[in-house]
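See structure below.
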Amino acid sequence: MAAKKEKPGWKELPEGDLIIGGGTAREFKTGDWRSRRPVLIPEKCINCLTCWVYCPDSAVIVKDGKMAGFDYDHCKGCGICAHECPVKGKAIVMISEKEAKGKK
Amino acid sequence: MKDLMEFRWHGRGGQGAKTAALLFADAALASGKYIQAFPEYGPERMGAPVAAFNRLSSKPILLHSGVLNPDVVIVLDPTLMDSVDVTEGLPETGIIIVNTAKPASDVRKELNIKPGIKVFTIDASAISKETIGRDIPNTPMLGALIKVTGILDFKEMLADTKKKLEKKFKSKPEVIEGNLKAIERAYNEVKS
Amino acid sequence: MAKANVIARTGNEAMAEAMRQINPDVVAAYPITPATEIVQIFASFVADGLVDTEFVPVESEHSAMSACIGASAAGGRTMTGTSSQGLALMAEMLYIASGLRLPIVLADVNRALSSPINIHCDHSDTMMVKEAGWIQIFSENSQEAYDNMIQAIKIAETAKLPVIVTTDGFIISHGMERIEILDDADVKKFVGVYKPENYLLNLERPITVGALDLQDYYFEHRRQAIEAIRNSKSVVLDVAKDYAAKFGKSYGLFEKYKLDDAECAIVAMGSTAGTAKVTIDTLREKGLKVGLLKPRLFRPFPKEEIADALQGMKAIAVMDRSDSMNGQEGPVCLEVKAALFDKGLNKAVINYIYGLGGREIRLEDIESVCNDLSSCLKGKAVNKINYLGVRD
């Protein structure tokens, strides 16, 4: 386990309840909220990107216009992607984290 | 003359007592005096008796309490004298100027005014009707006030008022002319 | 003849005039007696094209302050005006403005809080928000209201804190007085261009404003705000010094009037201070060595400096134009007492609650305060808390 990072004292913080810089939500990792995770079955995927549109956490990774898997640091496991997947028999399935262990 | 002079204007809501106090203050300021002008704020209704106040001094005025003992009282509407004690707080050496066609002696008798107090009258309503075309007695009353108290240089005040009116009524030269005439007539016609 | 920059203005007109010269980016406001005129006159400046301001008419004071917060966070120089119930309705947003360290300047015309409903002067409105993290500057007259508004912009932007500048309702707000104004160009130069370090419209440097702070960060951010308000005292002095150097008008944390050689003192804020000066002149002639301390800066409260200034007094009368409703003295008196206590000064301090809801404060009233001080000096017992001018 990594050493616990010290939080800044009041003199070091930017003044006025500000967070400087953009895209800082990326650093807030919500992946450990998950009890079930989506898994992509690439051979069934038609790259319609419906999952990417629906994902509320921007956790669907798209590369060169094609579905490339999930950002498990931020995916909360809501299952919307699997629910919305239009492919018959589903290209995304939800499995339990316990099941996922060792399969990574 | 006292260094700090206090004035009280009596009128009815909508008659311009507050405006008169502001105009007077503005004119006094132009002559280099320190001034205050403030109205009495109550439930304001058109026609209800209202009062406005002035303080004038050659030194900065620090006092921010109400005027209780005015040196001069100006009554814009003679009908007020039936319902309001316009002489309230007026000291023995005070001055009261009333807009009325009656002679000063009548007003003194009607209000039972003590001998030390000076009473002046001027028919400001008639003057304003003749010069401005409407019954707005506050401008001519300014002329009467300056004559009676000698507190401002009349010519200087007239020139300053002209300048201000010219700014406000660019397109209506008759309004400027009428107002100046009204002030001048009241200055000349006010009587004790 | 008077100089060209000497004009007759009411307190409201003077504050609006200062706002015109400051030319803020945004003004968002909602009308309320007796402060309505400030933004009404300012709105006419906007309509006449005399300022570049974006004027935002809103549906309540809560919205007015919300809009000001948004505008200020976006990077705009922002001002507003209100009074009494309006300030009360803003209260929630006032804390947000100071917590976000936004330099908004608010002209508050002091008016009593309901109930009973009343439109006249007392200080209960600003006292209600004295813990909101805003700098509070009181004005005695129209001139001070004007000068304070111009200084407030610089104070706010330097201290990164919002500022309330007050005048007494009707007494000052609607009373016309002789004031000396500065040239437009001089004000423009004095207030300069507002360049915030961080602001929402800066696309080069994105920021998040007002993120959720829980047990782990809230205290640190509050600690910063506490330090900022404490340090703002020196900012107020620096700006005053600059103002004095440029325009020859001196302002400080408070004004002393015949205080240095006095045996007893009156502490009074706002327009009453002027009336007190006149009374003091009269009583000095009668042999009572009385002086005045008029706090200008009420938040932060300059307690060390005030205790020092009152050190030589044998008796002190503190006049409060509001009550603290805590079964003790009024708010100003409590501050003065705490300041004296910290200096180890055990003084006779008499408190007067006066002028609530615009109740007239006359020369005779202040004279009676001076008589109490005189009794105090002679060792006679005097009531600690007095209600001056109320019918028994």
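Every chain in the structure tokens has a letter given in the order shown (A, B, ...), and although residue numbers restart at 1 in each chain, ligands are simply numbered from 1 in the order shown.
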query: Any idea what's packed within 10 Å of B:Asp71, counting only C-alpha atoms, ignoring anything in its chain fewer than 2 positions away? Could you give it as a PyMOL selection string?
result: chain B and resi 2+4-8+55+67-69+73+89-96+117+149
Kindly save the residues from that selection, with C-alpha atoms included, as an mmCIF file, in the first residue's frame.
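Written output follows (selection.cif):
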data_model
loop_
_atom_site.group_PDB
_atom_site.id
_atom_site.type_symbol
_atom_site.label_atom_id
_atom_site.label_comp_id
_atom_site.auth_asym_id
_atom_site.auth_seq_id
_atom_site.Cartn_x
_atom_site.Cartn_y
_atom_site.Cartn_z
ATOM 1 C CA LYS B 2 -25.980 83.369 13.515
ATOM 2 C CA LEU B 4 -25.670 78.191 11.738
ATOM 3 C CA MET B 5 -29.083 79.059 10.332
ATOM 4 C CA GLU B 6 -31.950 76.572 10.371
ATOM 5 C CA PHE B 7 -34.994 76.664 8.106
ATOM 6 C CA ARG B 8 -38.284 74.791 8.011
ATOM 7 C CA ARG B 55 -29.191 74.148 7.598
ATOM 8 C CA VAL B 67 -34.427 70.872 13.234
ATOM 9 C CA LEU B 68 -36.478 71.742 16.334
ATOM 10 C CA ASN B 69 -35.988 75.502 16.558
ATOM 11 C CA VAL B 73 -40.213 79.165 8.714
ATOM 12 C CA GLY B 89 -40.292 75.947 18.005
ATOM 13 C CA LEU B 90 -39.794 79.345 16.365
ATOM 14 C CA PRO B 91 -37.596 81.430 18.683
ATOM 15 C CA GLU B 92 -38.468 84.964 19.836
ATOM 16 C CA THR B 93 -36.248 86.400 17.098
ATOM 17 C CA GLY B 94 -37.554 84.078 14.395
ATOM 18 C CA ILE B 95 -38.873 84.870 10.945
ATOM 19 C CA ILE B 96 -41.959 83.465 9.246
ATOM 20 C CA ILE B 117 -41.067 87.324 15.571
ATOM 21 C CA THR B 149 -32.837 86.897 5.344
#
task: Pull out every residue of chain A that has at least one atom within 6 Å of chain C, counting only C-alpha atoms, and report them as a list in words.
output: Trp10, Gly16, Asp17, Leu18, Ile19, Ile20, Gly21 and Gly22 of chain A
Output the selection as a tab-separated table (two decimals), in the first residue's frame - N, CA and C atoms for each residue.
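Contents of the output file again.tsv:
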chain	number	residue	atom	x	y	z
A	10	TRP	N	-3.64	25.03	5.96
A	10	TRP	CA	-4.45	26.16	5.48
A	10	TRP	C	-3.64	27.22	4.76
A	16	GLY	N	-9.90	30.75	-0.95
A	16	GLY	CA	-11.29	30.89	-1.38
A	16	GLY	C	-11.95	29.63	-1.91
A	17	ASP	N	-11.70	28.50	-1.32
A	17	ASP	CA	-12.37	27.26	-1.71
A	17	ASP	C	-12.27	27.03	-3.22
A	18	LEU	N	-11.06	27.18	-3.73
A	18	LEU	CA	-10.82	26.99	-5.16
A	18	LEU	C	-10.04	25.70	-5.40
A	19	ILE	N	-10.32	25.06	-6.51
A	19	ILE	CA	-9.45	23.99	-6.98
A	19	ILE	C	-8.88	24.48	-8.30
A	20	ILE	N	-7.57	24.62	-8.34
A	20	ILE	CA	-6.93	25.18	-9.52
A	20	ILE	C	-6.69	24.08	-10.55
A	21	GLY	N	-6.94	24.42	-11.78
A	21	GLY	CA	-6.70	23.49	-12.87
A	21	GLY	C	-7.98	22.80	-13.30
A	22	GLY	N	-7.99	22.31	-14.56
A	22	GLY	CA	-9.19	21.67	-15.09
A	22	GLY	C	-9.09	20.16	-15.00
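Remark: for A:Lys63, the closest of the candidate residues A:Gly31, A:Ser96, A:Ala82, A:Leu49 is A:Leu49 (distances computed over only C-alpha atoms).
Of all the residues in stretch 25-127 of chain B, the ones DSSP labels as alpha helix (DSSP H) from the backbone are Ala25, Asp26, Ala27, Ala28, Leu29, Ala30, Ala104, Ser105, Asp106, Val107, Arg108, Lys109, Glu110, Leu111, Ala124, Ser125, Ala126 and Ile127 of chain B.
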- request: Using only C-alpha atoms, determine which residues of chain C fall within 12 Å of chain B; present them as a ChimeraX atom specification.
  value: /C:1-11,33-34,118-121,140-143,168-180,270-281,355,358-366
Store the residues picked out above, limited to C-alpha atoms, as a short mmCIF file (atom, residue, chain, number, x, y, z; two decimals), in the first residue's frame.
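Saved to part05.cif:
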data_model
loop_
_atom_site.label_atom_id
_atom_site.label_comp_id
_atom_site.auth_asym_id
_atom_site.auth_seq_id
_atom_site.Cartn_x
_atom_site.Cartn_y
_atom_site.Cartn_z
CA MET C 1 -18.10 80.70 -5.39
CA ALA C 2 -17.66 77.05 -4.55
CA LYS C 3 -15.18 74.91 -6.43
CA ALA C 4 -16.48 72.91 -9.38
CA ASN C 5 -16.01 69.59 -7.66
CA VAL C 6 -18.02 70.74 -4.65
CA ILE C 7 -21.57 69.58 -5.15
CA ALA C 8 -24.76 69.09 -3.16
CA ARG C 9 -25.64 65.41 -2.88
CA THR C 10 -27.71 63.14 -0.68
CA GLY C 11 -25.98 60.06 0.76
CA THR C 33 -36.26 51.75 0.91
CA PRO C 34 -34.14 53.73 1.75
CA ASN C 118 -40.16 50.30 10.02
CA ILE C 119 -38.22 52.06 7.28
CA HIS C 120 -36.00 54.30 9.40
CA CYS C 121 -32.45 54.15 10.64
CA GLU C 140 -20.83 59.59 9.31
CA ASN C 141 -22.09 61.66 6.35
CA SER C 142 -22.43 61.80 2.56
CA GLN C 143 -18.79 62.79 2.11
CA ASP C 168 -27.63 55.98 8.16
CA GLY C 169 -31.04 55.56 6.54
CA PHE C 170 -32.83 58.81 5.66
CA ILE C 171 -30.62 60.90 7.96
CA ILE C 172 -27.76 60.55 5.48
CA SER C 173 -29.27 58.62 2.58
CA HIS C 174 -31.89 61.31 1.92
CA GLY C 175 -30.18 64.32 3.46
CA MET C 176 -28.46 66.62 1.00
CA GLU C 177 -25.04 67.86 2.01
CA ARG C 178 -22.03 69.59 0.57
CA ILE C 179 -19.57 67.03 -0.72
CA GLU C 180 -16.31 67.26 -2.54
CA GLY C 270 -22.55 56.81 11.91
CA SER C 271 -24.37 60.14 11.77
CA THR C 272 -24.73 60.35 15.56
CA ALA C 273 -20.99 60.97 15.76
CA GLY C 274 -21.52 64.37 14.12
CA THR C 275 -24.20 65.37 16.59
CA ALA C 276 -21.93 64.12 19.40
CA LYS C 277 -19.10 66.40 18.20
CA VAL C 278 -21.37 69.43 18.52
CA THR C 279 -22.38 68.38 22.05
CA ILE C 280 -18.76 67.78 22.97
CA ASP C 281 -17.85 71.31 21.84
CA GLY C 355 -32.30 55.61 18.06
CA GLY C 358 -35.14 56.08 13.54
CA ARG C 359 -35.98 57.53 16.97
CA GLU C 360 -34.55 61.03 16.97
CA ILE C 361 -31.24 61.54 18.76
CA ARG C 362 -31.03 65.15 19.86
CA LEU C 363 -28.24 67.27 21.27
CA GLU C 364 -29.97 67.06 24.66
CA ASP C 365 -29.87 63.26 24.52
CA ILE C 366 -26.12 63.25 24.01
#
task: Taking the chain letters and numbering used in this document, name the residues of stretch 26-68 of chain A that DSSP puts in strand (DSSP E or B), as a list in words.
output: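 Those in stretch 26-68 of chain A that DSSP calls strand (DSSP E or B) are Arg36, Arg37, Pro38, Val39, Leu40, Val60, Ile61, Val62, Lys63, Lys66, Met67 and Ala68 of chain A.
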Could the residues in this selection be saved with N, CA and C atoms as an mmCIF file, in the first residue's frame?
data_model
loop_
_atom_site.group_PDB
_atom_site.id
_atom_site.type_symbol
_atom_site.label_atom_id
_atom_site.label_comp_id
_atom_site.auth_asym_id
_atom_site.auth_seq_id
_atom_site.Cartn_x
_atom_site.Cartn_y
_atom_site.Cartn_z
ATOM 1 N N ARG A 36 -20.110 -4.725 -8.831
ATOM 2 C CA ARG A 36 -20.147 -5.499 -10.085
ATOM 3 C C ARG A 36 -19.483 -4.665 -11.177
ATOM 4 N N ARG A 37 -18.834 -5.334 -12.111
ATOM 5 C CA ARG A 37 -18.160 -4.585 -13.168
ATOM 6 C C ARG A 37 -18.612 -5.021 -14.561
ATOM 7 N N PRO A 38 -18.570 -4.074 -15.519
ATOM 8 C CA PRO A 38 -18.893 -4.449 -16.897
ATOM 9 C C PRO A 38 -17.671 -5.088 -17.564
ATOM 10 N N VAL A 39 -17.932 -6.088 -18.379
ATOM 11 C CA VAL A 39 -16.831 -6.719 -19.121
ATOM 12 C C VAL A 39 -17.234 -6.730 -20.598
ATOM 13 N N LEU A 40 -16.281 -6.361 -21.429
ATOM 14 C CA LEU A 40 -16.556 -6.290 -22.871
ATOM 15 C C LEU A 40 -16.253 -7.646 -23.518
ATOM 16 N N VAL A 60 -16.179 4.698 -20.332
ATOM 17 C CA VAL A 60 -16.019 3.832 -21.506
ATOM 18 C C VAL A 60 -14.857 4.394 -22.331
ATOM 19 N N ILE A 61 -13.854 3.551 -22.587
ATOM 20 C CA ILE A 61 -12.683 4.023 -23.324
ATOM 21 C C ILE A 61 -12.885 3.764 -24.817
ATOM 22 N N VAL A 62 -12.710 4.849 -25.585
ATOM 23 C CA VAL A 62 -12.854 4.714 -27.037
ATOM 24 C C VAL A 62 -11.508 5.042 -27.677
ATOM 25 N N LYS A 63 -11.041 4.154 -28.537
ATOM 26 C CA LYS A 63 -9.778 4.422 -29.243
ATOM 27 C C LYS A 63 -10.013 4.277 -30.730
ATOM 28 N N LYS A 66 -13.304 3.250 -31.850
ATOM 29 C CA LYS A 66 -13.794 1.916 -31.509
ATOM 30 C C LYS A 66 -13.789 1.702 -30.004
ATOM 31 N N MET A 67 -14.785 0.952 -29.535
ATOM 32 C CA MET A 67 -14.905 0.611 -28.126
ATOM 33 C C MET A 67 -13.666 -0.174 -27.698
ATOM 34 N N ALA A 68 -12.985 0.313 -26.630
ATOM 35 C CA ALA A 68 -11.714 -0.319 -26.255
ATOM 36 C C ALA A 68 -11.691 -0.789 -24.808
#
- request: Quick one: everything within 9 Å of A:Ile92, counting only C-alpha atoms, minus sequence neighbours fewer than 2 positions away in the same chain. Send it as a ChimeraX atom specification.
  value: /A:38-42,44-45,51,81-83,85,87,89-90,94
- prompt: How many Å separate atom CA of C:Ala35 from atom CA of C:Ala107?
  reply: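 If I compute the distance from atom CA of C:Ala35 to atom CA of C:Ala107, I get 8.1 Å.
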message: For a test of reading the model, state the distance in Å between atom CA of C:Met79 and atom CA of C:Pro103, rounded to one decimal.
response: 8.9 Å
- prompt: Nearest to B:Gly13 among B:Pro140, B:Pro103, B:Gly47, B:Pro173, with distances taken over only C-alpha atoms: which residue is it?
  reply: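 Checking each of B:Pro140, B:Pro103, B:Gly47, B:Pro173 against B:Gly13, counting only C-alpha atoms, the winner is B:Gly47.
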query: How many Å separate atom CA of B:Glu174 from atom CA of B:Ala17?
result: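 Calculated distance between atom CA of B:Glu174 and atom CA of B:Ala17 is 23.1 Å.
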field: Who sits within 12 Å of C:Asp372, only C-alpha atoms, same chain under 5 positions skipped, as a PyMOL selection string
entry: chain C and resi 264-266+288+290+315-318+348-352+365-367+377-386+388
Which residues are close to C:Gly252, i.e. within 8 Å by only C-alpha atoms, leaving aside same-chain residues fewer than 2 positions away? Reply as a JSON list (two decimals) with N, CA and C atoms, in the first residue's frame.
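Saved to selection32.json:
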[["chain", "number", "residue", "atom", "x", "y", "z"],
["C", 236, "VAL", "N", -7.00, 48.10, 5.07],
["C", 236, "VAL", "CA", -7.82, 49.31, 5.21],
["C", 236, "VAL", "C", -6.92, 50.52, 5.47],
["C", 237, "LEU", "N", -5.92, 50.32, 6.32],
["C", 237, "LEU", "CA", -5.00, 51.42, 6.63],
["C", 237, "LEU", "C", -4.13, 51.79, 5.43],
["C", 240, "ALA", "N", -6.21, 53.68, 2.98],
["C", 240, "ALA", "CA", -6.47, 55.02, 3.52],
["C", 240, "ALA", "C", -5.25, 55.93, 3.33],
["C", 250, "SER", "N", -7.86, 62.32, 5.03],
["C", 250, "SER", "CA", -7.33, 61.24, 5.86],
["C", 250, "SER", "C", -8.44, 60.43, 6.53],
["C", 254, "PHE", "N", -10.52, 54.45, 12.93],
["C", 254, "PHE", "CA", -11.56, 55.21, 13.63],
["C", 254, "PHE", "C", -11.14, 56.67, 13.64],
["C", 255, "GLU", "N", -12.07, 57.54, 14.02],
["C", 255, "GLU", "CA", -11.74, 58.95, 14.12],
["C", 255, "GLU", "C", -11.75, 59.34, 15.59],
["C", 296, "ARG", "N", -14.75, 53.62, 12.45],
["C", 296, "ARG", "CA", -15.06, 53.62, 11.01],
["C", 296, "ARG", "C", -15.10, 52.16, 10.56]]
- request: Just the residues within 12 Å of A:Ser58, please, counting only C-alpha atoms, with nothing from its chain fewer than 5 positions along; format it as a VMD selection string.
  value: chain A and resid 25 to 26 30 49 51 to 53 69 to 76 80 to 81
